[in-house]
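File shown: start_34.txt. Contents: compact mmCIF, C-alpha atoms.
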# COMPACT_ATOMS: atom_id res chain seq x y z
CA MET E 1 -22.97 -11.48 24.88
CA THR E 2 -21.82 -10.99 21.33
CA GLU E 3 -25.40 -9.83 20.59
CA HIS E 4 -24.41 -6.47 22.08
CA LEU E 5 -21.61 -6.14 19.53
CA ARG E 6 -23.79 -7.08 16.56
CA GLY E 7 -26.47 -4.63 17.59
CA ASP E 8 -24.28 -1.52 17.27
CA ARG E 9 -25.16 -0.09 13.85
CA ALA E 10 -22.84 2.90 14.23
CA ARG E 11 -19.87 0.52 14.46
CA PRO E 12 -20.50 -2.81 12.76
CA LEU E 13 -18.98 -5.95 14.20
CA ILE E 14 -15.64 -6.58 12.50
CA VAL E 15 -13.40 -9.48 13.46
CA ALA E 16 -9.99 -9.07 11.81
CA ILE E 17 -7.89 -12.22 11.35
CA ASP E 18 -4.28 -12.13 10.14
CA GLY E 19 -1.68 -14.84 9.76
CA PRO E 20 0.55 -16.72 7.33
CA ALA E 21 -0.66 -19.12 4.64
CA ALA E 22 -2.33 -22.35 5.86
CA ALA E 23 -2.56 -21.18 9.47
CA GLY E 24 -6.29 -21.90 9.33
CA LYS E 25 -7.54 -18.38 8.59
CA SER E 26 -10.11 -19.28 5.93
CA THR E 27 -11.54 -22.26 7.80
CA ILE E 28 -11.75 -20.45 11.13
CA ALA E 29 -13.05 -17.20 9.64
CA ALA E 30 -15.81 -18.95 7.67
CA MET E 31 -16.90 -21.00 10.69
CA LEU E 32 -16.85 -17.98 12.99
CA ALA E 33 -18.88 -15.92 10.51
CA ARG E 34 -21.55 -18.63 10.41
CA ARG E 35 -21.68 -18.79 14.21
CA LEU E 36 -22.04 -15.00 14.43
CA GLY E 37 -24.45 -14.69 11.51
CA VAL E 38 -22.26 -12.15 9.68
CA PRO E 39 -20.50 -12.13 6.28
CA TYR E 40 -17.18 -13.89 5.76
CA LEU E 41 -14.78 -11.65 3.82
CA ASP E 42 -11.62 -13.24 2.38
CA THR E 43 -9.52 -10.22 1.38
CA GLY E 44 -6.68 -12.46 0.24
CA ALA E 45 -8.96 -13.63 -2.56
CA MET E 46 -8.85 -10.10 -3.97
CA TYR E 47 -5.05 -10.29 -4.26
CA ARG E 48 -5.40 -13.75 -5.80
CA ALA E 49 -7.76 -12.25 -8.38
CA VAL E 50 -5.19 -9.58 -9.23
CA GLY E 51 -2.49 -12.26 -9.41
CA TRP E 52 -4.67 -14.29 -11.75
CA LEU E 53 -5.22 -11.24 -13.95
CA ALA E 54 -1.45 -10.66 -14.07
CA ILE E 55 -0.77 -14.25 -15.14
CA GLU E 56 -3.51 -14.07 -17.77
CA ALA E 57 -1.83 -10.91 -19.10
CA GLY E 58 1.49 -12.74 -19.45
CA ILE E 59 3.20 -11.09 -16.47
CA ARG E 60 5.72 -13.27 -14.68
CA GLN E 61 7.84 -13.01 -11.55
CA PRO E 62 9.95 -11.22 -10.52
CA ILE E 63 7.80 -8.17 -11.21
CA ASP E 64 9.97 -5.34 -12.54
CA PRO E 65 8.82 -1.66 -12.53
CA ALA E 66 7.40 -1.85 -16.06
CA ALA E 67 5.43 -4.98 -15.18
CA ALA E 68 4.24 -3.34 -11.95
CA ASP E 69 2.74 -0.51 -13.97
CA ARG E 70 0.97 -3.09 -16.15
CA VAL E 71 -0.51 -4.78 -13.07
CA VAL E 72 -1.90 -1.48 -11.81
CA ALA E 73 -3.28 -0.72 -15.27
CA LEU E 74 -5.14 -4.04 -15.20
CA LEU E 75 -7.16 -2.77 -12.24
CA ASP E 76 -8.30 0.20 -14.35
CA THR E 77 -9.73 -2.06 -17.03
CA HIS E 78 -10.69 -5.16 -14.99
CA PRO E 79 -12.37 -4.19 -11.68
CA VAL E 80 -11.84 -6.64 -8.82
CA SER E 81 -14.40 -6.75 -6.00
CA LEU E 82 -15.57 -8.85 -3.08
CA GLU E 83 -19.28 -9.32 -2.58
CA PRO E 84 -20.91 -10.92 0.48
CA SER E 85 -23.35 -13.69 -0.37
CA GLY E 86 -25.17 -14.80 2.76
CA HIS E 87 -22.45 -15.93 5.16
CA ALA E 88 -20.06 -16.59 2.27
CA MET E 89 -18.49 -14.29 -0.31
CA ARG E 90 -17.99 -14.04 -4.05
CA VAL E 91 -14.86 -12.72 -5.77
CA LEU E 92 -15.69 -10.84 -8.95
CA VAL E 93 -13.49 -9.79 -11.87
CA ASP E 94 -15.26 -7.65 -14.45
CA GLY E 95 -18.47 -8.54 -12.62
CA ARG E 96 -17.89 -12.28 -13.19
CA GLU E 97 -17.34 -14.63 -10.29
CA VAL E 98 -13.96 -16.37 -10.27
CA GLY E 99 -13.53 -19.47 -8.16
CA GLU E 100 -11.20 -22.34 -8.97
CA GLU E 101 -9.19 -20.09 -11.31
CA ILE E 102 -7.67 -18.23 -8.37
CA ARG E 103 -6.96 -21.24 -6.13
CA THR E 104 -3.85 -22.67 -7.81
CA PRO E 105 -0.31 -22.60 -6.31
CA GLU E 106 0.86 -20.44 -9.24
CA VAL E 107 -1.81 -17.84 -8.52
CA ALA E 108 -1.01 -17.94 -4.80
CA MET E 109 2.63 -17.08 -5.48
CA MET E 110 1.67 -14.30 -7.88
CA ALA E 111 -0.85 -12.96 -5.33
CA SER E 112 1.98 -12.58 -2.84
CA ALA E 113 4.07 -10.76 -5.46
CA VAL E 114 1.37 -8.30 -6.54
CA SER E 115 0.41 -7.65 -2.91
CA ALA E 116 3.87 -6.12 -2.45
CA LEU E 117 3.04 -3.38 -4.97
CA PRO E 118 2.04 -0.22 -3.04
CA ALA E 119 -0.39 1.00 -5.72
CA VAL E 120 -2.22 -2.33 -5.71
CA ARG E 121 -2.39 -2.38 -1.92
CA ARG E 122 -3.75 1.18 -1.74
CA ARG E 123 -6.61 0.35 -4.09
CA LEU E 124 -7.58 -2.93 -2.49
CA VAL E 125 -7.21 -1.70 1.10
CA ALA E 126 -9.58 1.19 0.34
CA ALA E 127 -12.11 -1.26 -1.14
CA GLN E 128 -11.75 -3.61 1.83
CA ARG E 129 -12.30 -0.82 4.34
CA GLU E 130 -15.40 0.37 2.51
CA LEU E 131 -16.79 -3.16 2.39
CA GLY E 132 -16.11 -3.85 6.05
CA LEU E 133 -17.72 -0.60 7.20
CA ARG E 134 -20.73 -1.27 5.01
CA SER E 135 -21.39 -4.91 5.89
CA GLY E 136 -19.28 -5.77 8.93
CA GLY E 137 -18.19 -9.38 9.18
CA VAL E 138 -15.22 -11.64 9.77
CA MET E 139 -12.40 -10.36 7.58
CA GLU E 140 -9.22 -12.35 7.01
CA GLY E 141 -6.01 -11.60 5.17
CA ARG E 142 -2.39 -10.60 5.84
CA ASP E 143 -2.59 -6.98 7.01
CA ILE E 144 -6.15 -6.79 8.29
CA THR E 145 -5.27 -6.20 11.95
CA SER E 146 -2.41 -3.80 11.28
CA VAL E 147 -3.53 -1.74 8.26
CA VAL E 148 -7.07 -2.39 7.05
CA PHE E 149 -8.90 -2.51 10.40
CA PRO E 150 -6.57 -1.66 13.29
CA ASP E 151 -9.69 -0.66 15.26
CA ALA E 152 -11.67 -3.87 14.62
CA THR E 153 -13.89 -5.21 17.39
CA LEU E 154 -11.51 -8.17 17.76
CA ARG E 155 -8.07 -8.60 16.19
CA VAL E 156 -6.51 -12.05 15.94
CA PHE E 157 -3.26 -13.44 14.49
CA LEU E 158 -3.54 -17.14 13.68
CA THR E 159 -0.32 -19.07 13.31
CA ALA E 160 0.87 -22.69 13.24
CA ALA E 161 4.11 -24.63 12.99
CA ALA E 162 5.66 -24.49 9.51
CA ASP E 163 5.45 -28.27 9.00
CA GLU E 164 1.81 -28.29 10.06
CA ARG E 165 0.98 -25.49 7.63
CA ALA E 166 2.74 -27.27 4.77
CA ARG E 167 0.92 -30.53 5.54
CA ARG E 168 -2.47 -28.76 5.58
CA ARG E 169 -1.76 -26.99 2.31
CA HIS E 170 -0.62 -30.22 0.67
CA LEU E 171 -3.83 -31.96 1.75
CA ASP E 172 -5.95 -29.06 0.49
CA LEU E 173 -4.36 -29.21 -2.96
CA GLY E 174 -4.82 -32.98 -3.33
CA GLY E 175 -5.02 -34.64 -6.73
CA PRO E 176 -2.36 -36.42 -8.79
CA ALA E 177 -1.14 -33.19 -10.40
CA SER E 178 -0.60 -31.37 -7.09
CA PRO E 179 2.94 -30.47 -6.00
CA SER E 180 4.84 -32.68 -3.57
CA LEU E 181 4.93 -31.92 0.14
CA GLU E 182 8.54 -30.77 -0.24
CA GLU E 183 7.56 -28.39 -3.04
CA VAL E 184 4.71 -27.04 -0.93
CA ARG E 185 7.19 -26.40 1.90
CA ARG E 186 9.48 -24.54 -0.51
CA GLN E 187 6.66 -22.41 -1.91
CA GLN E 188 5.40 -21.69 1.59
CA ALA E 189 8.83 -20.53 2.77
CA GLN E 190 9.15 -18.28 -0.27
CA ARG E 191 5.72 -16.80 0.30
CA ASP E 192 6.43 -16.25 3.99
CA ARG E 193 9.59 -14.34 3.04
CA GLN E 194 7.69 -12.21 0.53
CA ASP E 195 4.85 -11.45 2.93
CA THR E 196 7.00 -10.60 5.96
CA THR E 197 9.71 -8.59 4.20
CA ARG E 198 7.71 -6.46 1.75
CA ALA E 199 8.20 -2.73 2.32
CA ASP E 200 4.48 -1.90 2.23
CA SER E 201 2.32 -3.42 5.01
CA PRO E 202 4.38 -6.53 5.82
CA LEU E 203 2.76 -9.44 7.63
CA GLN E 204 3.36 -8.85 11.33
CA VAL E 205 1.84 -9.27 14.78
CA ALA E 206 0.50 -5.81 15.59
CA GLU E 207 0.36 -4.47 19.12
CA GLY E 208 -2.69 -5.59 21.05
CA VAL E 209 -3.52 -8.49 18.71
CA ILE E 210 -4.45 -11.87 20.21
CA VAL E 211 -2.09 -14.59 18.93
CA VAL E 212 -3.58 -18.09 18.60
CA ASP E 213 -1.45 -21.08 17.61
CA THR E 214 -3.68 -23.56 15.76
CA THR E 215 -1.11 -26.38 15.65
CA GLY E 216 -2.85 -29.60 16.66
CA GLN E 217 -6.12 -27.81 17.46
CA LEU E 218 -9.51 -28.65 16.01
CA PRO E 219 -11.14 -25.72 14.18
CA GLU E 220 -14.13 -25.88 16.53
CA ALA E 221 -11.86 -25.28 19.53
CA VAL E 222 -10.25 -22.26 17.89
CA VAL E 223 -13.65 -20.82 16.95
CA GLN E 224 -14.85 -21.24 20.54
CA ARG E 225 -11.73 -19.43 21.77
CA LEU E 226 -12.57 -16.48 19.52
CA LEU E 227 -16.21 -16.48 20.62
CA ASP E 228 -14.99 -16.37 24.23
CA GLU E 229 -12.75 -13.42 23.34
CA LEU E 230 -15.70 -11.63 21.76
CA ASP E 231 -17.73 -12.21 24.92
CA ARG E 232 -14.87 -10.69 26.90
CA VAL E 233 -14.89 -7.62 24.62
CA ALA E 234 -18.68 -7.34 24.97
CA ALA E 235 -18.45 -7.56 28.76
CA ALA E 236 -15.74 -4.91 28.87
CA GLY E 237 -17.86 -2.54 26.79
CA ALA E 238 -21.15 -3.16 28.62
The structure given in the file should be rewritten as structure tokens.
Amino acid sequence: MTEHLRGDRARPLIVAIDGPAAAGKSTIAAMLARRLGVPYLDTGAMYRAVGWLAIEAGIRQPIDPAAADRVVALLDTHPVSLEPSGHAMRVLVDGREVGEEIRTPEVAMMASAVSALPAVRRRLVAAQRELGLRSGGVMEGRDITSVVFPDATLRVFLTAAADERARRRHLDLGGPASPSLEEVRRQQAQRDRQDTTRADSPLQVAEGVIVVDTTGQLPEAVVQRLLDELDRVAAAGA
């Protein structure tokens, strides 16, 4: 039944997925995009790219007003964009793809800090909306259901127990130089505080959003739940 949703060119299929770090957003969103045959759009990667730019420019946390102006100025000279590539996506800075550079714990923490800057959010939200309306797809981040696409075809908030999220993140990092599980828990708690208490577009469960707890669930089961929800939406609109 989701074929009916994909066939509407006037309103492309957009699945918006919010949630805290390590709740399973990236895994679920990428799998769902493949099942639906639409692009996977990781908007959080755009904030990671800005965080990486800030670190490269010597900016450190906490970000004071002068440093905030420098971060915004970086976006004038170093364009950040997200480009669908098949069912995946590429994050570009100055037209160059960045990959492993933006996937470190340090960049993740800086991404959370720069995402609290209203001027940064305004620029990236506008770019994310334009991209979603142009290509459709499964879009994940931390304000997608509440700010970027409050009228998405399906809006989902993925969550999981804090210990489960820390364990997943610790496994993802791997390697002998990765932080300890306790350090991952500490960083996660700090990031959760930053994301949920920022003045501009805090992470929250918006009205009408489907909440799915992924604790102890296999990704395939969660994806099937979302496909069932899309079928429900398609049936309601038929």
Tell me which protein, DNA and RNA residues are within 8 Å of range 158-161 of chain E, counting only C-alpha atoms, leaving out same-chain ones fewer than 5 positions away, and put them as a ChimeraX atom specification. /E:17-20,23-25,211-215
Name the closest residue to Gln190 in chain E among the candidates E:Arg11, E:Glu83, E:Val93, E:Ser112; distances are taken between atoms, counting only C-alpha atoms. E:Ser112
Close residues, Arg142 in chain E itself excluded, 10 Å, only C-alpha atoms, min 5 positions apart in chain, as a ChimeraX atom specification: /E:16-21,25,43-44,112,115,147-148,157,195-196,201-205
Quick one: everything within 9 Å of Ala162 in chain E, counting all atoms listed in the file, minus sequence neighbours fewer than 2 positions away in the same chain. Send it as a list in words. Ala23, Thr159, Ala160, Glu164, Arg165, Ala166, Arg167, Arg185, Gln188 and Ala189 of chain E
If you measure from CA of Arg168 in chain E to CA of Thr104 in chain E, what distance in Å do you get, rounded to one decimal?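 Value for the CA of Arg168 in chain E-CA of Thr104 in chain E distance: 14.8 Å.
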Would you mind telling me which residue in E:Ile14, E:Leu82, E:Ala177, E:Ala66 lies nearest to Leu154 in chain E when using all atoms listed in the file?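 Under the stated criterion, the closest residue is E:Ile14.
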Just want the 10 Å neighbourhood of range 122-132 of chain E, counted on only C-alpha atoms, with same-chain residues fewer than 6 positions away dropped. Output as number ranges by chain. E: 12-16, 39, 41-44, 46-47, 50, 72, 75, 80-84, 115, 138-139, 143-144, 147-149, 152, 200
Restricting the calculation to only C-alpha atoms: of E:Met89, E:Glu182, E:Thr153, E:Glu56, which residue gets closest to Ala234 in chain E?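 Looking at the shortest contact to Ala234 in chain E, the residue is E:Thr153.
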Expressed in Å, the length from CA of Ile102 in chain E to CA of Arg90 in chain E is 11.9 Å
One decimal, in Å: what's the spacing between CA of Pro65 in chain E and CA of Ala108 in chain E? 20.5 Å
Measuring between only C-alpha atoms, which one of E:Ile55, E:Ala67, E:Val156, E:Leu171 shows the shortest distance to Val222 in chain E? E:Val156
Counting only C-alpha atoms, which of E:Val107, E:Arg225, E:Arg198, E:Ile210 gets nearest to Arg121 in chain E?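 That would be E:Arg198, the residue with the smallest distance to Arg121 in chain E.
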If you count all atoms listed in the file, which residues fall within 12 Å of Ile63 in chain E, apart from same-chain ones fewer than 5 positions away, as a list in words?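 Everything that qualifies: Gly51, Ala54, Ile55, Gly58, Ala68, Asp69, Arg70, Val71, Val72, Met109, Met110, Ala111, Ser112, Ala113, Val114, Ser115, Ala116 and Leu117 of chain E.
Compared by their closest atoms to Pro79 in chain E, and using all atoms listed in the file, the residues E:Glu229, E:Glu97, E:Glu183, E:Asp172 rank with E:Glu97 nearest.
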